[in-house]
Each structure stands twice: as structure tokens, then as C-alpha cells.
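The file target01.cif comes next; it holds mmCIF, C-alpha atoms and all ligand atoms.
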data_start
#
loop_
_atom_site.label_atom_id
_atom_site.label_comp_id
_atom_site.auth_asym_id
_atom_site.auth_seq_id
_atom_site.Cartn_x
_atom_site.Cartn_y
_atom_site.Cartn_z
CA MET G 1 -52.57 34.40 -113.66
CA LYS G 2 -49.67 34.38 -116.08
CA ALA G 3 -46.49 36.48 -116.36
CA THR G 4 -43.13 36.36 -118.11
CA ALA G 5 -39.94 37.97 -116.80
CA ARG G 6 -36.38 38.27 -117.99
CA ALA G 7 -33.39 38.54 -115.65
CA HIS G 8 -29.66 38.81 -116.33
CA THR G 9 -26.97 37.09 -114.39
CA ASN G 10 -24.39 39.04 -112.36
CA ILE G 11 -20.74 38.72 -111.43
CA ALA G 12 -19.70 39.52 -107.86
CA LEU G 13 -16.74 41.89 -107.47
CA ILE G 14 -17.05 41.68 -103.68
CA LYS G 15 -18.17 38.11 -103.03
CA TYR G 16 -21.05 36.78 -100.98
CA TRP G 17 -19.41 33.93 -99.11
CA GLY G 18 -21.15 32.43 -96.09
CA LYS G 19 -24.64 32.43 -94.59
CA ARG G 20 -25.77 33.37 -91.11
CA ASP G 21 -29.21 31.84 -91.76
CA ARG G 22 -29.55 28.94 -94.18
CA SER G 23 -33.28 28.77 -94.47
CA LEU G 24 -33.86 32.49 -95.12
CA ILE G 25 -30.53 32.82 -97.01
CA LEU G 26 -29.11 35.65 -94.94
CA PRO G 27 -25.45 36.39 -95.70
CA MET G 28 -22.56 36.99 -93.31
CA ASN G 29 -21.31 39.93 -95.39
CA ASN G 30 -22.44 42.58 -97.86
CA SER G 31 -21.50 41.89 -101.47
CA LEU G 32 -21.31 43.90 -104.68
CA SER G 33 -21.83 42.86 -108.27
CA LEU G 34 -22.16 43.95 -111.87
CA THR G 35 -25.20 42.73 -113.81
CA LEU G 36 -24.16 41.36 -117.23
CA ASP G 37 -26.02 41.88 -120.50
CA GLY G 38 -24.78 38.74 -122.25
CA PHE G 39 -26.48 36.11 -120.11
CA TYR G 40 -30.12 35.91 -119.10
CA THR G 41 -33.03 33.66 -118.20
CA GLU G 42 -36.58 34.15 -119.44
CA THR G 43 -39.29 32.53 -117.33
CA THR G 44 -43.05 32.23 -117.76
CA VAL G 45 -45.17 31.25 -114.77
CA GLU G 46 -48.84 30.40 -115.07
CA PHE G 47 -50.95 29.37 -112.07
CA HIS G 48 -53.84 26.96 -112.77
CA ASP G 49 -56.68 25.86 -110.50
CA TYR G 50 -56.61 22.36 -111.95
CA LEU G 51 -52.96 21.56 -111.16
CA THR G 52 -52.23 19.50 -108.04
CA ALA G 53 -48.46 20.13 -108.14
CA ASP G 54 -46.04 22.51 -109.85
CA VAL G 55 -44.47 21.51 -113.16
CA PHE G 56 -41.11 22.92 -114.22
CA TYR G 57 -39.62 22.95 -117.72
CA LEU G 58 -36.06 24.14 -118.26
CA ASN G 59 -35.04 24.64 -121.89
CA ASN G 60 -38.12 22.52 -122.80
CA ASP G 61 -37.10 19.55 -120.61
CA CYS G 62 -39.41 18.54 -117.79
CA ILE G 63 -37.29 18.77 -114.64
CA THR G 64 -37.53 16.46 -111.61
CA GLY G 65 -35.26 15.81 -108.63
CA LYS G 66 -33.27 18.42 -106.72
CA ALA G 67 -33.64 21.24 -109.25
CA TYR G 68 -37.42 20.74 -109.25
CA GLN G 69 -37.47 20.70 -105.43
CA ARG G 70 -35.66 24.04 -105.26
CA VAL G 71 -38.19 25.62 -107.62
CA THR G 72 -41.27 24.19 -105.93
CA SER G 73 -40.04 25.12 -102.42
CA PHE G 74 -39.47 28.63 -103.68
CA LEU G 75 -43.00 28.71 -105.15
CA ASP G 76 -44.27 27.64 -101.71
CA ARG G 77 -42.82 30.87 -100.32
CA VAL G 78 -44.51 32.86 -103.09
CA ARG G 79 -47.87 31.14 -102.44
CA GLU G 80 -47.60 31.75 -98.72
CA LYS G 81 -46.71 35.41 -99.17
CA ALA G 82 -49.63 35.89 -101.58
CA GLY G 83 -52.06 33.95 -99.37
CA ARG G 84 -52.82 31.58 -102.25
CA THR G 85 -51.67 28.16 -101.05
CA ASP G 86 -54.39 26.60 -103.22
CA VAL G 87 -52.79 27.11 -106.66
CA TYR G 88 -49.93 25.41 -108.48
CA ALA G 89 -47.92 26.63 -111.43
CA GLU G 90 -46.59 25.60 -114.77
CA VAL G 91 -43.12 27.13 -115.11
CA HIS G 92 -41.24 27.44 -118.39
CA SER G 93 -37.67 28.69 -118.13
CA VAL G 94 -35.19 29.23 -120.92
CA ASN G 95 -31.57 29.85 -120.00
CA HIS G 96 -29.53 32.04 -122.31
CA VAL G 97 -26.52 31.38 -120.13
CA PRO G 98 -23.99 28.96 -121.61
CA THR G 99 -23.43 26.66 -118.64
CA ALA G 100 -19.88 26.09 -119.87
CA ALA G 101 -19.09 29.74 -119.19
CA GLY G 102 -19.31 29.01 -115.48
CA LEU G 103 -21.65 31.90 -114.89
CA ALA G 104 -24.28 31.25 -112.29
CA SER G 105 -27.55 30.54 -114.06
CA SER G 106 -29.13 30.28 -110.59
CA ALA G 107 -28.81 34.08 -110.24
CA SER G 108 -30.73 34.88 -113.43
CA GLY G 109 -32.95 31.82 -112.92
CA PHE G 110 -34.26 32.64 -109.44
CA SER G 111 -34.51 36.32 -110.22
CA ALA G 112 -36.69 35.68 -113.31
CA LEU G 113 -38.72 33.06 -111.40
CA ALA G 114 -39.40 35.40 -108.47
CA ALA G 115 -40.46 38.24 -110.75
CA ALA G 116 -42.73 36.13 -112.97
CA ALA G 117 -44.26 34.10 -110.12
CA SER G 118 -45.00 37.08 -107.86
CA LYS G 119 -46.63 38.93 -110.76
CA ALA G 120 -48.60 35.92 -111.98
CA ILE G 121 -50.03 35.26 -108.53
CA GLY G 122 -51.24 38.85 -108.32
CA MET G 123 -48.71 40.50 -105.99
CA GLN G 124 -47.39 43.90 -106.90
CA LEU G 125 -43.97 44.00 -105.30
CA ASN G 126 -41.59 46.90 -105.60
CA ASN G 127 -37.98 46.09 -106.50
CA GLN G 128 -36.87 46.02 -102.89
CA GLU G 129 -39.59 43.57 -101.91
CA LEU G 130 -38.82 41.53 -105.01
CA SER G 131 -35.14 41.40 -104.02
CA VAL G 132 -36.04 40.15 -100.52
CA LEU G 133 -38.19 37.42 -102.07
CA THR G 134 -35.60 36.49 -104.74
CA ARG G 135 -32.89 36.16 -102.08
CA GLN G 136 -34.82 33.25 -100.55
CA GLY G 137 -34.36 31.28 -103.78
CA SER G 138 -30.64 31.92 -104.22
CA GLY G 139 -28.62 34.59 -102.46
CA SER G 140 -26.70 36.03 -105.39
CA ALA G 141 -29.96 36.21 -107.40
CA CYS G 142 -31.25 39.09 -105.24
CA ARG G 143 -28.67 41.35 -106.92
CA SER G 144 -30.00 40.56 -110.42
CA VAL G 145 -33.20 42.50 -109.72
CA TYR G 146 -31.22 45.63 -110.59
CA GLY G 147 -28.98 46.50 -113.53
CA GLY G 148 -25.49 47.99 -113.41
CA PHE G 149 -23.47 47.94 -110.17
CA VAL G 150 -25.47 46.59 -107.24
CA GLU G 151 -24.82 46.07 -103.54
CA TRP G 152 -26.55 43.42 -101.45
CA GLU G 153 -26.97 44.73 -97.93
CA LYS G 154 -26.78 41.85 -95.50
CA GLY G 155 -29.28 43.54 -93.17
CA LEU G 156 -29.53 43.18 -89.40
CA LYS G 157 -33.04 41.86 -88.83
CA GLU G 158 -33.64 38.21 -88.04
CA ASP G 159 -36.63 37.99 -90.40
CA GLY G 160 -34.49 39.08 -93.36
CA SER G 161 -36.76 41.97 -94.32
CA ASP G 162 -33.80 44.35 -94.60
CA SER G 163 -31.51 41.96 -96.50
CA HIS G 164 -31.83 42.97 -100.15
CA ALA G 165 -30.00 44.52 -103.06
CA ILE G 166 -29.74 48.24 -103.71
CA PRO G 167 -28.68 49.79 -107.02
CA ILE G 168 -25.43 51.81 -106.92
CA VAL G 169 -25.16 53.10 -110.49
CA PRO G 170 -27.10 52.01 -113.60
CA ALA G 171 -25.66 50.02 -116.50
CA ASN G 172 -25.00 53.10 -118.63
CA HIS G 173 -22.78 54.71 -115.96
CA TRP G 174 -19.61 53.02 -117.19
CA ASP G 175 -18.77 51.03 -120.29
CA ILE G 176 -16.55 48.20 -119.10
CA ARG G 177 -16.21 44.60 -120.27
CA VAL G 178 -16.28 41.20 -118.60
CA ALA G 179 -14.91 38.25 -120.56
CA ALA G 180 -15.76 34.74 -119.40
CA ALA G 181 -12.99 32.33 -120.40
CA VAL G 182 -14.62 28.98 -121.11
CA MET G 183 -12.56 25.92 -120.25
CA SER G 184 -12.31 22.62 -121.99
CA SER G 185 -12.48 20.34 -118.98
CA ASP G 186 -15.40 19.92 -116.65
CA ALA G 187 -14.49 19.89 -112.99
CA LYS G 188 -16.06 17.78 -110.31
CA LYS G 189 -18.23 20.26 -108.54
CA ILE G 190 -18.48 21.38 -104.96
CA LEU G 191 -21.61 23.50 -105.09
CA SER G 192 -21.26 27.05 -103.80
CA ARG G 193 -23.85 26.20 -101.14
CA GLU G 194 -21.77 23.31 -99.74
CA GLY G 195 -18.49 25.14 -100.21
CA MET G 196 -19.54 28.19 -98.27
CA GLU G 197 -21.06 26.14 -95.48
CA ARG G 198 -17.92 24.07 -95.01
CA THR G 199 -15.84 27.25 -95.03
CA VAL G 200 -17.98 29.07 -92.44
CA ASN G 201 -17.98 26.04 -90.16
CA THR G 202 -14.35 24.99 -90.40
CA SER G 203 -12.01 27.56 -91.99
CA SER G 204 -9.71 29.39 -89.60
CA PHE G 205 -9.38 32.08 -92.31
CA TYR G 206 -13.11 32.77 -92.37
CA PRO G 207 -13.26 35.47 -89.63
CA SER G 208 -10.61 37.56 -91.37
CA TRP G 209 -12.55 37.28 -94.63
CA VAL G 210 -15.62 38.81 -92.97
CA GLU G 211 -13.52 41.52 -91.31
CA SER G 212 -11.97 42.51 -94.63
CA ILE G 213 -15.27 43.32 -96.38
CA PRO G 214 -16.20 46.81 -95.12
CA ALA G 215 -12.91 48.38 -96.26
CA ASP G 216 -13.16 46.69 -99.69
CA LEU G 217 -16.68 48.03 -100.12
CA ILE G 218 -15.76 51.61 -99.30
CA THR G 219 -12.85 51.58 -101.74
CA ILE G 220 -14.61 49.82 -104.60
CA LYS G 221 -17.68 52.08 -104.38
CA LYS G 222 -15.45 55.16 -104.58
CA GLY G 223 -13.71 53.58 -107.57
CA ILE G 224 -17.02 52.89 -109.31
CA MET G 225 -18.25 56.45 -108.74
CA HIS G 226 -15.02 57.93 -110.14
CA LYS G 227 -14.68 55.30 -112.88
CA ASP G 228 -11.25 54.43 -111.51
CA PHE G 229 -10.73 51.13 -113.31
CA GLU G 230 -7.48 50.16 -111.60
CA LYS G 231 -8.97 50.70 -108.18
CA VAL G 232 -12.10 48.67 -108.96
CA GLY G 233 -10.17 45.88 -110.69
CA SER G 234 -7.49 45.51 -108.05
CA ILE G 235 -10.00 45.42 -105.17
CA ALA G 236 -12.15 42.86 -107.02
CA GLU G 237 -9.14 40.65 -107.73
CA ALA G 238 -7.82 40.83 -104.16
CA ASN G 239 -11.30 40.13 -102.76
CA CYS G 240 -11.63 37.06 -104.98
CA LEU G 241 -8.24 35.74 -103.86
CA ARG G 242 -9.18 36.20 -100.21
CA MET G 243 -12.46 34.35 -100.70
CA HIS G 244 -10.66 31.43 -102.34
CA ALA G 245 -8.01 31.45 -99.61
CA THR G 246 -10.71 30.61 -97.06
CA THR G 247 -11.37 27.30 -98.83
CA LEU G 248 -7.72 26.25 -98.45
CA ALA G 249 -8.01 26.57 -94.69
CA ALA G 250 -11.31 24.66 -94.50
CA HIS G 251 -11.53 21.16 -93.07
CA PRO G 252 -11.25 19.17 -95.24
CA PRO G 253 -9.51 21.75 -97.41
CA PHE G 254 -10.60 22.27 -101.01
CA THR G 255 -10.12 24.56 -103.97
CA TYR G 256 -12.20 25.42 -107.02
CA TRP G 257 -9.12 26.12 -109.13
CA GLN G 258 -7.68 23.95 -111.87
CA SER G 259 -4.45 24.23 -113.85
CA THR G 260 -6.17 26.32 -116.56
CA THR G 261 -7.42 28.67 -113.85
CA PHE G 262 -3.79 29.44 -112.94
CA LEU G 263 -2.82 29.90 -116.59
CA ILE G 264 -5.55 32.52 -117.03
CA MET G 265 -4.58 34.30 -113.81
CA GLU G 266 -0.98 34.42 -115.08
CA ALA G 267 -2.10 35.73 -118.49
CA VAL G 268 -4.04 38.54 -116.80
CA ARG G 269 -0.97 39.50 -114.74
CA ASP G 270 1.07 39.45 -117.99
CA LEU G 271 -1.42 41.80 -119.60
CA ARG G 272 -0.99 44.19 -116.70
CA SER G 273 2.79 44.13 -116.86
CA SER G 274 2.55 44.99 -120.56
CA GLY G 275 0.44 48.03 -119.67
CA VAL G 276 -3.09 46.67 -120.25
CA PRO G 277 -5.33 47.14 -117.20
CA ALA G 278 -7.08 43.78 -116.80
CA TYR G 279 -8.18 42.01 -113.61
CA PHE G 280 -9.67 38.61 -112.84
CA THR G 281 -12.37 37.29 -110.59
CA ILE G 282 -13.48 33.70 -109.94
CA ASP G 283 -16.69 32.31 -108.41
CA ALA G 284 -17.30 28.87 -106.93
CA GLY G 285 -15.81 27.06 -109.93
CA PRO G 286 -12.67 26.92 -112.06
CA ASN G 287 -13.73 29.49 -114.67
CA VAL G 288 -12.20 32.94 -114.72
CA LYS G 289 -13.88 36.23 -115.63
CA VAL G 290 -11.66 39.05 -116.80
CA LEU G 291 -12.51 42.74 -116.38
CA TYR G 292 -11.07 45.20 -118.90
CA LEU G 293 -11.83 48.39 -120.81
CA PRO G 294 -13.42 48.45 -124.29
CA GLU G 295 -10.29 49.86 -125.96
CA ASP G 296 -8.33 46.74 -124.95
CA GLU G 297 -10.86 44.31 -126.43
CA GLU G 298 -8.60 42.91 -129.13
CA THR G 299 -5.48 42.51 -126.96
CA VAL G 300 -7.41 40.81 -124.14
CA GLN G 301 -9.35 38.48 -126.45
CA HIS G 302 -6.16 37.48 -128.26
CA LYS G 303 -4.33 36.80 -125.01
CA LEU G 304 -7.14 34.72 -123.50
CA ARG G 305 -7.76 32.71 -126.66
CA SER G 306 -4.06 31.78 -126.88
CA ILE G 307 -4.15 29.95 -123.51
CA ALA G 308 -4.07 26.17 -123.74
CA GLY G 309 -7.30 24.87 -122.23
CA VAL G 310 -9.43 27.92 -123.07
CA ARG G 311 -12.12 26.85 -125.52
CA ASP G 312 -14.04 30.09 -125.94
CA VAL G 313 -14.25 33.63 -124.66
CA ILE G 314 -17.68 35.19 -124.10
CA VAL G 315 -17.86 38.94 -123.61
CA SER G 316 -20.50 40.90 -121.66
CA LYS G 317 -21.21 44.55 -120.99
CA PRO G 318 -23.09 45.98 -118.02
CA GLY G 319 -26.68 44.76 -118.22
CA GLN G 320 -30.20 45.74 -117.14
CA GLY G 321 -32.27 44.57 -114.20
CA ILE G 322 -35.57 42.67 -114.24
CA SER G 323 -37.95 43.29 -117.14
CA TYR G 324 -41.38 41.88 -117.90
CA VAL G 325 -42.03 40.52 -121.36
C1 LIG G 401 -19.12 32.53 -105.08
O1 LIG G 401 -25.98 32.58 -104.61
O2 LIG G 401 -25.16 30.44 -105.66
O3 LIG G 401 -20.80 33.14 -106.64
O4 LIG G 401 -27.43 31.48 -101.81
O5 LIG G 401 -26.72 29.11 -101.61
O6 LIG G 401 -27.94 29.87 -103.66
P1 LIG G 401 -26.98 30.24 -102.54
O7 LIG G 401 -25.56 30.54 -103.18
P2 LIG G 401 -25.16 31.34 -104.49
O8 LIG G 401 -23.65 31.73 -104.13
C2 LIG G 401 -22.84 32.52 -104.94
C3 LIG G 401 -21.47 32.58 -104.38
C4 LIG G 401 -20.45 33.23 -105.28
C5 LIG G 401 -20.22 34.70 -104.90
C6 LIG G 401 -21.28 35.69 -105.29
O9 LIG G 401 -21.96 35.53 -106.32
O10 LIG G 401 -21.40 36.69 -104.56
#

Starting from the coordinates I provided, produce the structure as C-alpha cells.
Ligand code: DP6
Amino acid sequence: MKATARAHTNIALIKYWGKRDRSLILPMNNSLSLTLDGFYTETTVEFHDYLTADVFYLNNDCITGKAYQRVTSFLDRVREKAGRTDVYAEVHSVNHVPTAAGLASSASGFSALAAAASKAIGMQLNNQELSVLTRQGSGSACRSVYGGFVEWEKGLKEDGSDSHAIPIVPANHWDIRVAAAVMSSDAKKILSREGMERTVNTSSFYPSWVESIPADLITIKKGIMHKDFEKVGSIAEANCLRMHATTLAAHPPFTYWQSTTFLIMEAVRDLRSSGVPAYFTIDAGPNVKVLYLPEDEETVQHKLRSIAGVRDVIVSKPGQGISYV
């Protein structure tokens, strides 16, 4: 009863922002992401008859507290689904995601955990079923089941059985780059979970965010199919700005941005006015990810590294979905 899985993280180009069901993690809107090759989590799960509780090691440290609770509650769902509420697991996870890069390790983490745990307990889930299960650990993680460009369909059913990711095009469809600009200062964090809840409940801008999604999706999917970089980049950037605008109208208002965030956004606009197609996107934190084409690698790297407050730049290409080791 042992399995090891590897999952990559993903960056949303059309953001998931807001839940309609907290316990099942059902989103208000569809979202769309690119799985990244540079960052992944590898997780081994082994179920033992003799254990009386789960144990969780992350990067060789034994984890307790909230992070442990999230893992063990997720394993409860796996046990229940498998009809094996009598067994507990030893979980070893290694994150190859530099936390400083501000890329969600929860996406690769829950995706690898769901894959390894469901296999170890003896379930043979197809990717769609695996995505439904993964979603219940962390929403954005359900997209990491697949490689390349991926859409998460919010679904309509109350039980969440139709809320899962679907692959749009595989990683080898289009060679583009995503640079994560790593910042020197660590911000005080409002977790994405809290941030989206406050926004849904209090932001007067939230309804227009939800209304804006279908048109963005149609345009960006056309752009992806035709490899129209400017279309994809500009929709992603505008979608990100609209998501962050909702936080400014929340009560109490908040923002994830810091001064370095603005400097990077400015630098990306500068690149564009000098003829280099580059676009930014930002998740629930201050870090900025920049999309560009391989031929502009040197110019983009040079520009980002020259910004005061940027400590490192980590580049990814489109990555693969779940694999078993
Ligand atoms: C801004 O998936 O981390 O990165 O479902 O509560 O675990 P939970 O939230 P999470 O939220 C990610 C939000 C986002 C946008 C996105 O990845 O689509």
C-alpha cells in the first residue's frame, strides 16, 4: 500500500477567485492555467495497519499544526472514498518549489498527495476522478493533474462531481516562458483562502469579476489554439488586474501588492513599449510572473534582474501533468 507521485505547480492565466462551496471547494468561476516544468512536489504515501494516526513529513521535517490538519483531513476524504477508514498513512513530501518564488506549492502539493494516496490505498482513478478528488484539497491543485494549458470547469452539480480540470493543449503545443521574479522582502500574508472569502462576501466589485470570466475564456482559448501570444498575454494581464481590483473594494479593503510589485509591472510595460511582447500575472501575493517568448529570454531576464528589490529570476517552461515514480 505504497505509491509515489510527482506533480508540477501551475500559474493561472484566468484566475480562480471565490468559492460557492467552502467544504467541497467549488469555485464561482472557471479558471485556466499553464502547468510549469520548473517547480514540482514529489510525495510518497504508505498506509500501515499499525498506525493510529497519519504522520506527515515535508522536506524531512515532521509537520504538526494547521498544515498537518489540512493533509490529514484530505486523507480522511481519500479513506472514505476508498472505504478504508481503518488505515493511516506515513506521508513524505519534498517540495522542489522555492517558496520565495511565490508560486503556490499547495497546487503541486495537493496534486501529488491525491495521486499518491489514492493509488496507495488501492483506488484506480482516471485523471478526471483524480482532479475531482484533488480539488477537495486545494482548488488550484485540481489543474495540476494535467500538463500544458488546462481549464478548471466550475461544474453545476451540488456534489461537485462535475467540477474538475480538463486539458486544453499539452505542454509541447507551444514553447513559451514564465519567469518568476523573486523579491527580497517577505510580506505579511493574507492567505488566498481568506482573501477570496472576504472578497466574495464584501467586495462590490465581485459580481462584475464573475461576469467578466466567460468572455476572457473564449478569447484566451482562441489565442492559445492559434499561438497568438499578444492575445493570450493581454487577456491574462487584464484578468489578473481585475482580480486584484476586487480586493480594493473589499471590506476591509486589502491588496497583495508591494512597491516592488509595481516596479515589475512598470518594467513589463516598458518592455512592451520597446517592442518586446511580455505580460505579467500575479497570484495572492506580491510576486510577479512574467510571460514571454523564448527569443526574448535575454532581454527579459536583464530587465527583471535590474529592478531594485528583485533578488532572483526563476524561469519555467510548460510542464507535464501527474506522473508516478
Ligand atoms: C489567486 O487554490 O490556493 O492563486 O482552494 O482555498 O486552497 P484554496 O485556494 P488556492 O487559490 C488560488 C488562488 C489564485 C488563483 C488561481 O490559482 O487560480

Residues within 7 Å of ligand LIG 401 (chain G), counting all atoms listed in the file, as a count of residues only: 20

G:Tyr279, G:Tyr206, G:Tyr68, G:Trp152 ranked by distance to G:Glu237, top pick (using only C-alpha atoms):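 Selected residue with least distance to G:Glu237: G:Tyr279.
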
Counting only C-alpha atoms, the residue of G:Thr72, G:Ser163, G:Ser111, G:Ser208 that sits nearest G:Val87: G:Thr72

Long-range neighbours of G:Ala114 as number ranges by chain, 8 Å cut-off, all atoms listed in the file, 4 positions minimum in chain: G: 78, 110, 118, 130, 133-134

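For the choices G:Ser93, G:Thr246, G:Asn172, G:Thr199, the atom-to-atom distance to G:Lys317 is smallest for G:Asn172 when using all atoms listed in the file.
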
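Between atom CA of G:Val276 and atom CA of G:Val232 the separation is 14.6 Å.
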
Counting all atoms listed in the file, the residue of G:Ala308, G:Val178, G:Pro207, G:Thr202 that sits nearest G:Asp296: G:Val178

Who sits within 12 Å of G:Gly83, all atoms listed in the file, same chain under 3 positions skipped, as a list in words: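 Contacts, in chain order: Leu75, Asp76, Arg77, Val78, Arg79, Glu80, Asp86, Val87, Ser118, Ile121, Gly122 and Met123 of chain G.
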
Output stretch 288-312 of chain G from the block with N, CA, C and O atoms, as an mmCIF file, in the first residue's frame?
data_model
loop_
_atom_site.group_PDB
_atom_site.id
_atom_site.type_symbol
_atom_site.label_atom_id
_atom_site.label_comp_id
_atom_site.auth_asym_id
_atom_site.auth_seq_id
_atom_site.Cartn_x
_atom_site.Cartn_y
_atom_site.Cartn_z
ATOM 1 N N VAL G 288 5.536 38.613 -8.890
ATOM 2 C CA VAL G 288 5.025 38.765 -10.251
ATOM 3 C C VAL G 288 5.613 37.672 -11.142
ATOM 4 O O VAL G 288 6.786 37.341 -11.024
ATOM 5 N N LYS G 289 4.778 37.090 -11.998
ATOM 6 C CA LYS G 289 5.259 36.158 -13.010
ATOM 7 C C LYS G 289 5.121 36.824 -14.364
ATOM 8 O O LYS G 289 4.092 37.453 -14.642
ATOM 9 N N VAL G 290 6.159 36.683 -15.182
ATOM 10 C CA VAL G 290 6.174 37.362 -16.471
ATOM 11 C C VAL G 290 6.168 36.337 -17.601
ATOM 12 O O VAL G 290 6.990 35.414 -17.615
ATOM 13 N N LEU G 291 5.218 36.503 -18.517
ATOM 14 C CA LEU G 291 5.117 35.611 -19.683
ATOM 15 C C LEU G 291 5.857 36.256 -20.846
ATOM 16 O O LEU G 291 5.689 37.452 -21.105
ATOM 17 N N TYR G 292 6.650 35.464 -21.561
ATOM 18 C CA TYR G 292 7.346 35.991 -22.740
ATOM 19 C C TYR G 292 7.718 34.838 -23.657
ATOM 20 O O TYR G 292 7.511 33.660 -23.324
ATOM 21 N N LEU G 293 8.295 35.178 -24.803
ATOM 22 C CA LEU G 293 8.657 34.161 -25.789
ATOM 23 C C LEU G 293 10.154 33.827 -25.667
ATOM 24 O O LEU G 293 10.948 34.684 -25.257
ATOM 25 N N PRO G 294 10.547 32.597 -26.022
ATOM 26 C CA PRO G 294 11.926 32.161 -25.821
ATOM 27 C C PRO G 294 12.965 33.096 -26.444
ATOM 28 O O PRO G 294 14.039 33.312 -25.868
ATOM 29 N N GLU G 295 12.628 33.696 -27.595
ATOM 30 C CA GLU G 295 13.641 34.547 -28.259
ATOM 31 C C GLU G 295 13.939 35.823 -27.463
ATOM 32 O O GLU G 295 14.930 36.500 -27.715
ATOM 33 N N ASP G 296 13.092 36.175 -26.509
ATOM 34 C CA ASP G 296 13.314 37.390 -25.723
ATOM 35 C C ASP G 296 13.913 37.102 -24.345
ATOM 36 O O ASP G 296 13.979 37.992 -23.483
ATOM 37 N N GLU G 297 14.355 35.884 -24.157
ATOM 38 C CA GLU G 297 14.909 35.435 -22.878
ATOM 39 C C GLU G 297 15.910 36.433 -22.270
ATOM 40 O O GLU G 297 15.747 36.880 -21.134
ATOM 41 N N GLU G 298 16.912 36.782 -23.061
ATOM 42 C CA GLU G 298 17.988 37.610 -22.522
ATOM 43 C C GLU G 298 17.493 39.005 -22.125
ATOM 44 O O GLU G 298 17.796 39.502 -21.043
ATOM 45 N N THR G 299 16.715 39.617 -23.020
ATOM 46 C CA THR G 299 16.210 40.977 -22.761
ATOM 47 C C THR G 299 15.332 40.991 -21.505
ATOM 48 O O THR G 299 15.466 41.885 -20.656
ATOM 49 N N VAL G 300 14.448 39.992 -21.389
ATOM 50 C CA VAL G 300 13.518 39.970 -20.255
ATOM 51 C C VAL G 300 14.283 39.727 -18.955
ATOM 52 O O VAL G 300 14.087 40.436 -17.952
ATOM 53 N N GLN G 301 15.165 38.746 -18.966
ATOM 54 C CA GLN G 301 15.971 38.440 -17.774
ATOM 55 C C GLN G 301 16.736 39.682 -17.316
ATOM 56 O O GLN G 301 16.762 40.011 -16.132
ATOM 57 N N HIS G 302 17.375 40.342 -18.272
ATOM 58 C CA HIS G 302 18.201 41.507 -17.952
ATOM 59 C C HIS G 302 17.346 42.601 -17.321
ATOM 60 O O HIS G 302 17.701 43.187 -16.298
ATOM 61 N N LYS G 303 16.192 42.836 -17.927
ATOM 62 C CA LYS G 303 15.283 43.874 -17.429
ATOM 63 C C LYS G 303 14.818 43.550 -15.997
ATOM 64 O O LYS G 303 14.850 44.407 -15.111
ATOM 65 N N LEU G 304 14.407 42.310 -15.783
ATOM 66 C CA LEU G 304 13.857 41.954 -14.463
ATOM 67 C C LEU G 304 14.947 42.002 -13.389
ATOM 68 O O LEU G 304 14.720 42.448 -12.268
ATOM 69 N N ARG G 305 16.130 41.521 -13.747
ATOM 70 C CA ARG G 305 17.220 41.483 -12.762
ATOM 71 C C ARG G 305 17.724 42.875 -12.392
ATOM 72 O O ARG G 305 18.381 43.052 -11.375
ATOM 73 N N SER G 306 17.435 43.878 -13.258
ATOM 74 C CA SER G 306 17.926 45.233 -12.962
ATOM 75 C C SER G 306 16.975 45.993 -12.019
ATOM 76 O O SER G 306 17.265 47.123 -11.624
ATOM 77 N N ILE G 307 15.848 45.383 -11.648
ATOM 78 C CA ILE G 307 14.890 46.086 -10.783
ATOM 79 C C ILE G 307 15.332 45.989 -9.323
ATOM 80 O O ILE G 307 15.617 44.888 -8.830
ATOM 81 N N ALA G 308 15.352 47.141 -8.658
ATOM 82 C CA ALA G 308 15.711 47.146 -7.240
ATOM 83 C C ALA G 308 14.654 46.335 -6.491
ATOM 84 O O ALA G 308 13.458 46.526 -6.705
ATOM 85 N N GLY G 309 15.090 45.417 -5.638
ATOM 86 C CA GLY G 309 14.119 44.615 -4.894
ATOM 87 C C GLY G 309 13.896 43.236 -5.492
ATOM 88 O O GLY G 309 13.283 42.385 -4.859
ATOM 89 N N VAL G 310 14.392 43.002 -6.715
ATOM 90 C CA VAL G 310 14.278 41.655 -7.299
ATOM 91 C C VAL G 310 15.571 40.897 -7.002
ATOM 92 O O VAL G 310 16.647 41.328 -7.381
ATOM 93 N N ARG G 311 15.429 39.782 -6.272
ATOM 94 C CA ARG G 311 16.599 39.048 -5.815
ATOM 95 C C ARG G 311 17.016 37.946 -6.805
ATOM 96 O O ARG G 311 18.171 37.615 -6.948
ATOM 97 N N ASP G 312 16.029 37.386 -7.483
ATOM 98 C CA ASP G 312 16.337 36.286 -8.390
ATOM 99 C C ASP G 312 15.207 36.169 -9.408
ATOM 100 O O ASP G 312 14.100 36.690 -9.182
#
